[in-house]
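Coordinates from run-v4.cif are shown below (mmCIF, C-alpha atoms).
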```cif
data_target
loop_
_atom_site.label_atom_id
_atom_site.label_comp_id
_atom_site.auth_asym_id
_atom_site.auth_seq_id
_atom_site.Cartn_x
_atom_site.Cartn_y
_atom_site.Cartn_z
CA VAL A 23 0.00 0.00 0.00
CA ALA A 24 1.30 3.44 -0.92
CA THR A 25 0.09 6.59 0.80
CA PRO A 26 0.07 9.84 -1.24
CA SER A 27 0.51 13.27 0.28
CA THR A 28 0.38 16.64 -1.47
CA THR A 29 2.83 19.47 -0.82
CA THR A 30 3.44 22.87 -2.41
CA ASP A 31 6.92 23.98 -3.46
CA PRO A 32 8.13 27.61 -3.11
CA THR A 33 6.88 28.46 -6.65
CA GLY A 34 3.34 27.51 -5.68
CA ALA A 35 3.25 24.32 -7.75
CA ALA A 36 1.70 21.29 -6.14
CA SER A 37 3.54 17.96 -5.97
CA THR A 38 2.63 14.59 -4.54
CA ALA A 39 4.94 12.38 -2.49
CA VAL A 40 4.24 8.66 -2.24
CA THR A 41 5.24 6.77 0.90
CA ALA A 42 5.51 2.98 0.60
CA GLY A 43 3.80 0.82 3.17
CA ALA A 44 5.44 -1.75 5.43
CA THR A 45 5.16 -4.65 2.94
CA PRO A 46 7.93 -5.04 0.34
CA GLY A 47 7.08 -5.69 -3.30
CA ASN A 48 5.76 -3.95 -6.39
CA ILE A 49 3.74 -0.73 -6.06
CA SER A 50 1.54 0.32 -8.96
CA ILE A 51 0.92 4.07 -9.13
CA VAL A 52 -1.70 5.69 -11.35
CA ALA A 53 -1.39 9.47 -11.83
CA THR A 54 -4.26 11.41 -13.39
CA SER A 55 -4.44 15.07 -14.41
CA GLY A 56 -7.56 16.08 -16.30
CA SER A 57 -7.93 13.66 -19.19
CA PHE A 58 -4.32 12.48 -18.99
CA THR A 59 -3.51 9.29 -17.10
CA THR A 60 -0.22 7.44 -16.70
CA THR A 61 0.75 4.33 -14.78
CA PHE A 62 4.15 3.33 -13.47
CA THR A 63 5.53 0.75 -11.06
CA LEU A 64 7.95 1.08 -8.13
CA VAL A 65 9.59 -1.68 -6.13
CA ALA A 66 9.58 -1.23 -2.34
CA GLY A 67 12.24 -3.05 -0.32
CA LEU A 68 12.78 -3.58 3.37
CA VAL A 69 15.05 -1.20 5.23
CA GLY A 70 18.19 -2.90 6.54
CA PRO A 71 19.63 -2.77 10.07
CA GLN A 72 19.91 0.75 11.51
CA ASN A 73 21.45 2.53 14.52
CA ILE A 74 23.48 -0.54 15.48
CA VAL A 75 25.59 -0.49 18.66
CA PHE A 76 27.63 -3.21 20.39
CA VAL A 77 27.36 -3.25 24.18
CA ASN A 78 28.91 -5.52 26.78
CA GLY A 79 26.63 -8.49 27.43
CA THR A 80 26.93 -8.11 31.20
CA ASN A 81 25.75 -4.52 31.62
CA PHE A 82 24.36 -3.49 28.21
CA GLN A 83 26.63 -0.45 28.08
CA LEU A 84 29.27 0.68 25.60
CA GLN A 85 32.66 -0.54 26.73
CA ASN A 86 34.49 2.03 28.88
CA GLY A 87 36.37 4.49 26.68
CA CYS A 88 34.63 3.43 23.45
CA GLN A 89 32.34 5.42 21.17
CA ALA A 90 29.41 4.08 19.14
CA PRO A 91 29.06 1.63 17.54
CA GLY A 92 31.34 0.21 20.25
CA CYS A 93 34.38 -1.98 20.93
CA VAL A 94 34.58 -5.75 21.27
CA ALA A 95 37.12 -8.37 22.34
CA PRO A 96 37.76 -11.89 21.05
CA GLY A 97 35.52 -14.40 22.84
CA GLU A 98 33.39 -11.71 24.52
CA ILE A 99 29.64 -11.97 25.00
CA VAL A 100 28.17 -8.90 23.30
CA THR A 101 24.62 -7.62 22.90
CA VAL A 102 23.80 -5.98 19.57
CA GLU A 103 21.12 -3.30 19.80
CA GLY A 104 19.37 -1.30 17.10
CA GLY A 105 16.55 -1.72 14.61
CA GLY A 106 15.67 -3.32 11.31
CA PHE A 107 17.31 -6.72 11.88
CA ALA A 108 14.66 -8.63 13.87
CA ASN A 109 11.55 -7.55 11.96
CA GLY A 110 8.94 -10.29 12.19
CA VAL A 111 10.53 -11.84 15.28
CA GLN A 112 8.06 -12.12 18.15
CA GLY A 113 9.42 -12.06 21.69
CA VAL A 114 12.69 -13.82 22.51
CA VAL A 115 14.07 -16.65 20.37
CA SER A 116 16.72 -18.69 22.17
CA GLY A 117 19.65 -20.40 20.52
CA LEU A 118 20.64 -22.31 23.67
CA SER A 119 20.62 -26.08 23.33
CA ILE A 120 21.80 -28.97 25.48
CA LEU A 121 22.36 -31.00 22.31
CA GLY A 122 25.13 -29.01 20.72
CA PRO A 123 26.75 -25.66 20.03
CA LEU A 124 24.93 -22.37 19.54
CA GLN A 125 23.48 -21.62 16.13
CA THR A 126 25.10 -19.05 13.85
CA SER A 127 21.79 -18.21 12.16
CA LEU A 128 18.78 -17.74 14.43
CA ALA A 129 15.29 -16.54 13.49
CA GLY A 130 16.73 -15.55 10.11
CA VAL A 131 19.41 -13.30 11.67
CA SER A 132 23.17 -13.82 11.33
CA ILE A 133 26.30 -11.76 11.96
CA THR A 134 29.95 -12.17 10.93
CA PHE A 135 33.21 -10.62 12.14
CA ASN A 136 35.77 -10.41 9.32
CA GLY A 137 33.82 -13.19 7.62
CA VAL A 138 33.64 -15.52 10.65
CA ALA A 139 30.10 -16.32 11.83
CA ALA A 140 29.30 -15.46 15.45
CA PRO A 141 27.37 -17.89 17.69
CA ILE A 142 24.01 -16.46 18.79
CA PHE A 143 22.50 -16.85 22.28
CA TYR A 144 19.25 -14.92 21.68
CA VAL A 145 17.40 -12.79 19.15
CA SER A 146 14.74 -10.52 20.63
CA ASN A 147 12.01 -8.18 19.45
CA VAL A 148 9.90 -7.07 22.41
CA ASN A 149 7.57 -4.11 21.95
CA GLY A 150 9.64 -3.02 18.97
CA VAL A 151 12.94 -3.09 20.89
CA GLN A 152 15.34 -5.31 18.94
CA SER A 153 18.52 -6.95 20.22
CA MET A 154 20.64 -10.06 19.87
CA THR A 155 23.28 -11.56 22.17
CA ILE A 156 26.30 -13.23 20.57
CA GLN A 157 29.85 -14.43 21.18
CA VAL A 158 32.52 -12.51 19.28
CA PRO A 159 34.63 -15.17 17.51
CA PHE A 160 38.03 -15.80 19.09
CA GLU A 161 39.46 -15.62 15.55
CA THR A 162 38.68 -11.89 15.32
CA PRO A 163 42.00 -9.99 14.93
CA LEU A 164 42.73 -6.81 16.87
CA GLY A 165 42.11 -3.47 15.20
CA ASN A 166 39.48 -2.46 12.68
CA THR A 167 36.90 -5.22 12.17
CA THR A 168 34.27 -5.46 9.45
CA VAL A 169 30.95 -6.68 10.80
CA VAL A 170 28.14 -7.79 8.48
CA LEU A 171 24.68 -8.09 10.02
CA THR A 172 22.09 -9.96 7.95
CA PRO A 173 18.52 -9.28 9.11
CA ALA A 174 15.46 -11.49 9.29
CA GLY A 175 12.78 -11.16 6.65
CA GLY A 176 14.97 -10.66 3.59
CA GLY A 177 16.14 -7.11 4.15
CA PRO A 178 19.57 -6.04 2.93
CA PRO A 179 22.58 -6.77 5.18
CA THR A 180 24.46 -3.91 6.79
CA SER A 181 28.24 -3.65 6.96
CA LEU A 182 29.90 -1.54 9.64
CA ASN A 183 33.24 -1.22 11.39
CA VAL A 184 33.99 -1.84 15.05
CA THR A 185 37.25 -1.80 16.98
CA THR A 186 38.48 -5.12 18.34
CA GLN A 187 40.70 -4.68 21.39
CA PRO A 188 42.44 -7.38 23.43
CA TYR A 189 40.03 -7.09 26.38
CA ALA A 190 36.55 -5.70 27.03
CA PRO A 191 35.83 -6.81 30.60
CA GLY A 192 32.39 -6.86 32.14
CA VAL A 193 31.14 -8.49 35.34
CA PHE A 194 27.81 -10.32 35.31
CA THR A 195 25.33 -8.97 37.86
CA ASN A 196 22.10 -9.93 39.60
CA THR A 197 19.55 -7.53 41.05
CA TYR A 198 17.90 -8.26 44.40
CA GLY A 199 15.19 -5.70 45.02
CA ASN A 200 17.03 -2.43 44.45
CA VAL A 201 20.48 -3.91 45.10
CA THR A 202 22.70 -4.96 42.14
CA ILE A 203 25.68 -7.19 42.95
CA ALA A 204 28.23 -9.25 41.05
CA VAL A 205 27.32 -12.82 40.11
CA ALA A 206 29.59 -14.89 42.34
CA VAL A 207 29.59 -18.20 44.17
CA ARG A 208 30.95 -18.88 47.64
CA SER A 209 33.39 -21.65 48.46
CA ASP A 210 30.46 -23.96 49.31
CA GLY A 211 29.00 -23.48 45.80
CA SER A 212 26.09 -21.24 46.84
CA TYR A 213 25.48 -17.91 45.11
CA VAL A 214 26.49 -14.73 46.88
CA SER A 215 23.42 -12.63 47.69
CA PRO A 216 22.31 -10.07 50.27
CA THR A 217 21.07 -12.95 52.44
CA ASN A 218 24.12 -15.14 51.70
CA PRO A 219 27.06 -12.72 51.71
CA ALA A 220 30.68 -13.60 51.10
CA HIS A 221 32.59 -14.37 54.28
CA ARG A 222 35.84 -12.71 55.22
CA GLY A 223 38.76 -15.07 54.67
CA GLU A 224 37.09 -17.28 52.05
CA THR A 225 37.62 -17.51 48.29
CA ILE A 226 34.69 -16.56 46.07
CA TYR A 227 34.35 -16.99 42.32
CA VAL A 228 33.14 -14.04 40.20
CA PHE A 229 31.76 -14.47 36.66
CA ALA A 230 32.81 -12.11 33.85
CA THR A 231 33.23 -11.83 30.08
CA GLY A 232 35.61 -10.07 27.70
CA LEU A 233 38.88 -11.28 29.28
CA GLY A 234 40.40 -12.23 25.92
CA LEU A 235 42.55 -15.11 24.79
CA THR A 236 43.52 -18.14 26.88
CA THR A 237 46.16 -20.81 27.03
CA PRO A 238 45.52 -23.43 25.76
CA ALA A 239 43.48 -21.50 23.22
CA ALA A 240 39.73 -21.40 23.78
CA VAL A 241 37.60 -22.18 20.71
CA THR A 242 34.65 -20.16 19.46
CA ASN A 243 31.29 -21.76 20.30
CA GLU A 244 32.86 -24.46 22.47
CA PRO A 245 32.38 -24.60 26.26
CA GLY A 246 35.33 -23.63 28.40
CA ALA A 247 37.56 -26.26 29.95
CA GLY A 248 39.28 -24.16 32.62
CA GLN A 249 41.91 -22.61 30.31
CA SER A 250 43.94 -19.80 31.92
CA VAL A 251 43.66 -16.27 30.54
CA THR A 252 46.79 -14.65 29.16
CA ALA A 253 45.90 -11.17 30.48
CA THR A 254 47.35 -9.41 33.50
CA VAL A 255 44.38 -9.11 35.86
CA VAL A 256 43.95 -6.68 38.77
CA VAL A 257 41.10 -7.15 41.25
CA GLY A 258 39.87 -4.63 43.80
CA LEU A 259 37.52 -5.21 46.72
CA ASN A 260 36.32 -2.53 49.10
CA ASN A 261 38.57 -0.04 47.26
CA LYS A 262 41.74 -2.06 47.87
CA GLY A 263 43.70 -4.46 45.71
CA VAL A 264 43.16 -8.09 46.66
CA ALA A 265 44.72 -11.40 45.64
CA HIS A 266 43.08 -13.63 43.05
CA THR A 267 43.77 -17.34 42.85
CA THR A 268 42.73 -18.19 39.27
CA VAL A 269 41.34 -16.46 36.18
CA ASP A 270 40.00 -19.12 33.84
CA TYR A 271 37.65 -19.70 30.94
CA ALA A 272 34.66 -21.12 32.84
CA PRO A 273 34.20 -24.89 32.42
CA GLY A 274 31.03 -25.79 30.53
CA LEU A 275 30.16 -22.21 29.49
CA VAL A 276 30.60 -20.20 26.29
CA GLY A 277 32.09 -16.70 26.52
CA VAL A 278 32.22 -16.73 30.33
CA TYR A 279 35.28 -16.44 32.59
CA ILE A 280 35.57 -17.13 36.31
CA ILE A 281 37.85 -15.29 38.74
CA GLY A 282 38.82 -16.72 42.11
CA VAL A 283 38.98 -13.82 44.59
CA GLN A 284 40.38 -14.08 48.12
CA VAL A 285 38.26 -11.98 50.49
CA PRO A 286 40.71 -10.50 53.02
CA ALA A 287 40.08 -11.57 56.60
CA ASN A 288 40.48 -7.96 57.73
CA THR A 289 38.28 -6.28 55.11
CA THR A 290 35.38 -4.12 56.22
CA PRO A 291 32.04 -5.98 56.01
CA GLY A 292 28.98 -4.39 54.45
CA PRO A 293 25.93 -5.10 52.27
CA GLY A 294 27.50 -3.70 49.09
CA GLN A 295 31.27 -3.41 49.09
CA PRO A 296 32.76 -2.12 45.79
CA PHE A 297 34.26 -4.69 43.42
CA GLY A 298 36.58 -3.67 40.58
CA LEU A 299 38.21 -5.52 37.69
CA ILE A 300 41.02 -4.19 35.46
CA LEU A 301 42.93 -5.93 32.69
CA VAL A 302 46.35 -4.70 31.53
CA ASP A 303 47.81 -5.42 28.10
CA PRO A 304 51.57 -5.84 27.39
CA SER A 305 51.85 -2.13 26.52
CA GLY A 306 50.43 -1.10 29.89
CA ASN A 307 47.01 -0.05 28.58
CA LYS A 308 44.22 -0.62 31.10
CA TYR A 309 40.72 -1.94 30.38
CA PHE A 310 38.11 -1.41 33.08
CA ALA A 311 34.98 -3.40 33.86
CA GLN A 312 31.96 -1.56 35.17
CA SER A 313 31.83 -0.91 38.90
CA THR A 314 29.74 -3.38 40.87
CA LYS A 315 29.36 -4.62 44.46
CA ILE A 316 29.66 -7.71 46.66
CA PRO A 317 28.01 -8.14 50.09
CA ILE A 318 30.49 -9.23 52.76
CA GLU A 319 30.09 -10.26 56.39
#
```

Representation of the structure as structure tokens:
Amino acid sequence: VATPSTTTDPTGAASTAVTAGATPGNISIVATSGSFTTTFTLVAGLVGPQNIVFVNGTNFQLQNGCQAPGCVAPGEIVTVEGGGFANGVQGVVSGLSILGPLQTSLAGVSITFNGVAAPIFYVSNVNGVQSMTIQVPFETPLGNTTVVLTPAGGGPPTSLNVTTQPYAPGVFTNTYGNVTIAVAVRSDGSYVSPTNPAHRGETIYVFATGLGLTTPAAVTNEPGAGQSVTATVVVGLNNKGVAHTTVDYAPGLVGVYIIGVQVPANTTPGPGQPFGLILVDPSGNKYFAQSTKIPIE
């Protein structure tokens, strides 16, 4: 369906603009003036992906120090936000499966980084808000990266450039009421929460993404096997540096890392003590995760 509208240019002459409807295909237009009639045909196509940004999958924010469309790191869990790529998708479509790896095309949507297909966790279109959560392939080289996003419904793909950096750390969080804390487990395997705080003197394990390459090398779309990260990692708790025991690619998970953190026996307890995570590359550049909190007693 095409909708005509009439406007007048500065000379006083009238002109008619035709706006295509939401359905792609041929549009037949008949124009009549007095006894003269002419017919012509236009082809309307779907609009491709628009206003695309890449945000950290833990906090849905642009990585610290990065401008739109964002920065990514090899192996990181990233959420892609924007419009025009999940048209026709209803609700949330999950790519998670206990029978095998994640899909690289889900609900008709796919995305590549320098030609390598990214595994997809979810594609979502809820009340017109479109997003997808993916793992950036470990094969993605550092520097300028060409990303091609192919939308559902047959629209044209969009190509854009993002910066791939060695690390893009983010800490997973849970919200309890109005309190947001890091996702962590205590030494007994229970999750840290306001009613089950970390204890002074114990080791807790914090979950994160974007910590980069590992040794042995982690593989895109394959669950972790406890490989050690190659990054230099600095952990802060209650505004002081603290020791960490291990920083590994989390066993059984894709795109997730786990950090063993020793809670000092003399740290100050509290319901929301600040937790910080910094990664340092060989040149001394620092990459900061978002600030979050851990309850301690």

Would you list the contacts of stretch 164-177 of chain A as a ChimeraX atom specification, taking every protein, DNA or RNA residue within 10 Å and counting all atoms listed in the file, but skipping same-chain residues closer than 5 positions in sequence?
/A:46,67-71,74,93-96,102,105-111,127-139,182-189

Point out the residue among A:Thr180, A:Thr162, A:Thr54, A:Thr155 with the least atom-to-atom distance to A:Leu235, counting all atoms listed in the file.
A:Thr162

I'd like the contact shell of A:Gly232 - 7 Å cut-off, all atoms listed in the file, skipping same-chain residues fewer than 4 positions apart - returned as number ranges by chain.
A: 95, 97-99, 189-192

Env of A:Gly263: 10 Å cut, atoms = only C-alpha atoms, seq-sep filter 5 positions within chain, self excluded. Answer as number ranges by chain.
A: 256-258, 286, 297-299

Two-atom distance - atom CA of A:Gly117, atom CA of A:Gln157 (Å):
11.8 Å

Length of the atom CA of A:Ala247 to atom CA of A:Asp270 vector [Å]:
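Taking atom CA of A:Ala247 and atom CA of A:Asp270, their separation equals 8.5 Å.
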
Considering all atoms listed in the file, state which residue in the set A:Asp303, A:Glu319, A:Glu244, A:Asp210 is at the smallest distance from A:Pro159.
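Smallest separation from A:Pro159 among the options: A:Glu244.
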
Distance query A:Pro273 at most 8 Å, only C-alpha atoms, self and fewer than 2 positions along chain excluded, as JSON, numbers by chain:
{"A": [245, 246, 247, 248, 271, 275]}
